[in-house]
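Colleague: The structure's right below; bear with me while I get my questions together.
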Amino acid sequence: MLASVLFHGTAAQTTHVVGNALGWNIPPNGPSAYTTWASTQTFRVGDVLLFNFITGFHNVAEVPKAAYGPCTTSNTISIATTGPARVTLNAPGTHYYICTVGTHCQNGQKLTINVSAISTTPSPTATPASPAPVSPPTDSTILQPPSPSFDPSFTSVAFIFLLVIGLFIFCMI
């Protein structure tokens, strides 16, 4: 059981929100936006790419290297047409993603990443645990920060605190 817990801790997945606040859109600051974003990330097998886009306006297709540069769409590996799209990184190596809508790819809506294999030894620096899975937001909430979640432990502590105070008052009477 201990080995299972240790392995789980070293192989935790990270969810990468592609482009951060930009989401998966035609970058307004030029075609280097996604290259710059990817250079700040570390991608590993098991991680998830979250492409935030509005269904019908964009899509995300994984393509081979030969299709990436010229933005050709005839030989896609996979395609997601409903946003936001979650893509789990299942294999190490270089992966290429484009938007196949109109000239979006030619206008910079494309991403290349290098995925490392899962490490079986703990890394020297701790990485933050990934957030709980997020259900797809509606179009009006895409790129909105998540609302705080309910913490049942706070309720338990508050209940015990009130119970102790109530007993104290009862004993004083």
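Numbering starts fresh at 1 for the residues of each chain in the structure tokens, the chains themselves are lettered A, B, ... in the order given, and ligands are numbered from 1 as they appear.
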Looking only at helix (DSSP H, G or I) from DSSP on the backbone, list the matching residues of stretch 64-113 of chain A as a PyMOL selection string.
Modeller: chain A and resi 65-68
Colleague: Would you write out those residues with N, CA and C atoms, as a PDB file, in the first residue's frame?
Modeller:
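File result14.pdb, as written:
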```pdb
ATOM      1  N   LYS A  65       3.888  15.983 -37.662  1.00  0.00           N
ATOM      2  CA  LYS A  65       4.814  17.096 -37.885  1.00  0.00           C
ATOM      3  C   LYS A  65       4.692  17.660 -39.300  1.00  0.00           C
ATOM      4  N   ALA A  66       4.542  16.794 -40.289  1.00  0.00           N
ATOM      5  CA  ALA A  66       4.472  17.253 -41.687  1.00  0.00           C
ATOM      6  C   ALA A  66       3.269  18.156 -41.942  1.00  0.00           C
ATOM      7  N   ALA A  67       2.207  17.994 -41.167  1.00  0.00           N
ATOM      8  CA  ALA A  67       0.998  18.808 -41.352  1.00  0.00           C
ATOM      9  C   ALA A  67       1.054  20.093 -40.525  1.00  0.00           C
ATOM     10  N   TYR A  68       1.899  20.135 -39.515  1.00  0.00           N
ATOM     11  CA  TYR A  68       1.936  21.266 -38.590  1.00  0.00           C
ATOM     12  C   TYR A  68       2.397  22.561 -39.259  1.00  0.00           C
TER      13      TYR A  68
END
```
Colleague: Tell me, in Å to one decimal, how far atom CA of A:Glu62 is from atom CA of A:Ser74.
Modeller: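 Computing the Euclidean distance for atom CA of A:Glu62 and atom CA of A:Ser74 yields 11.4 Å.
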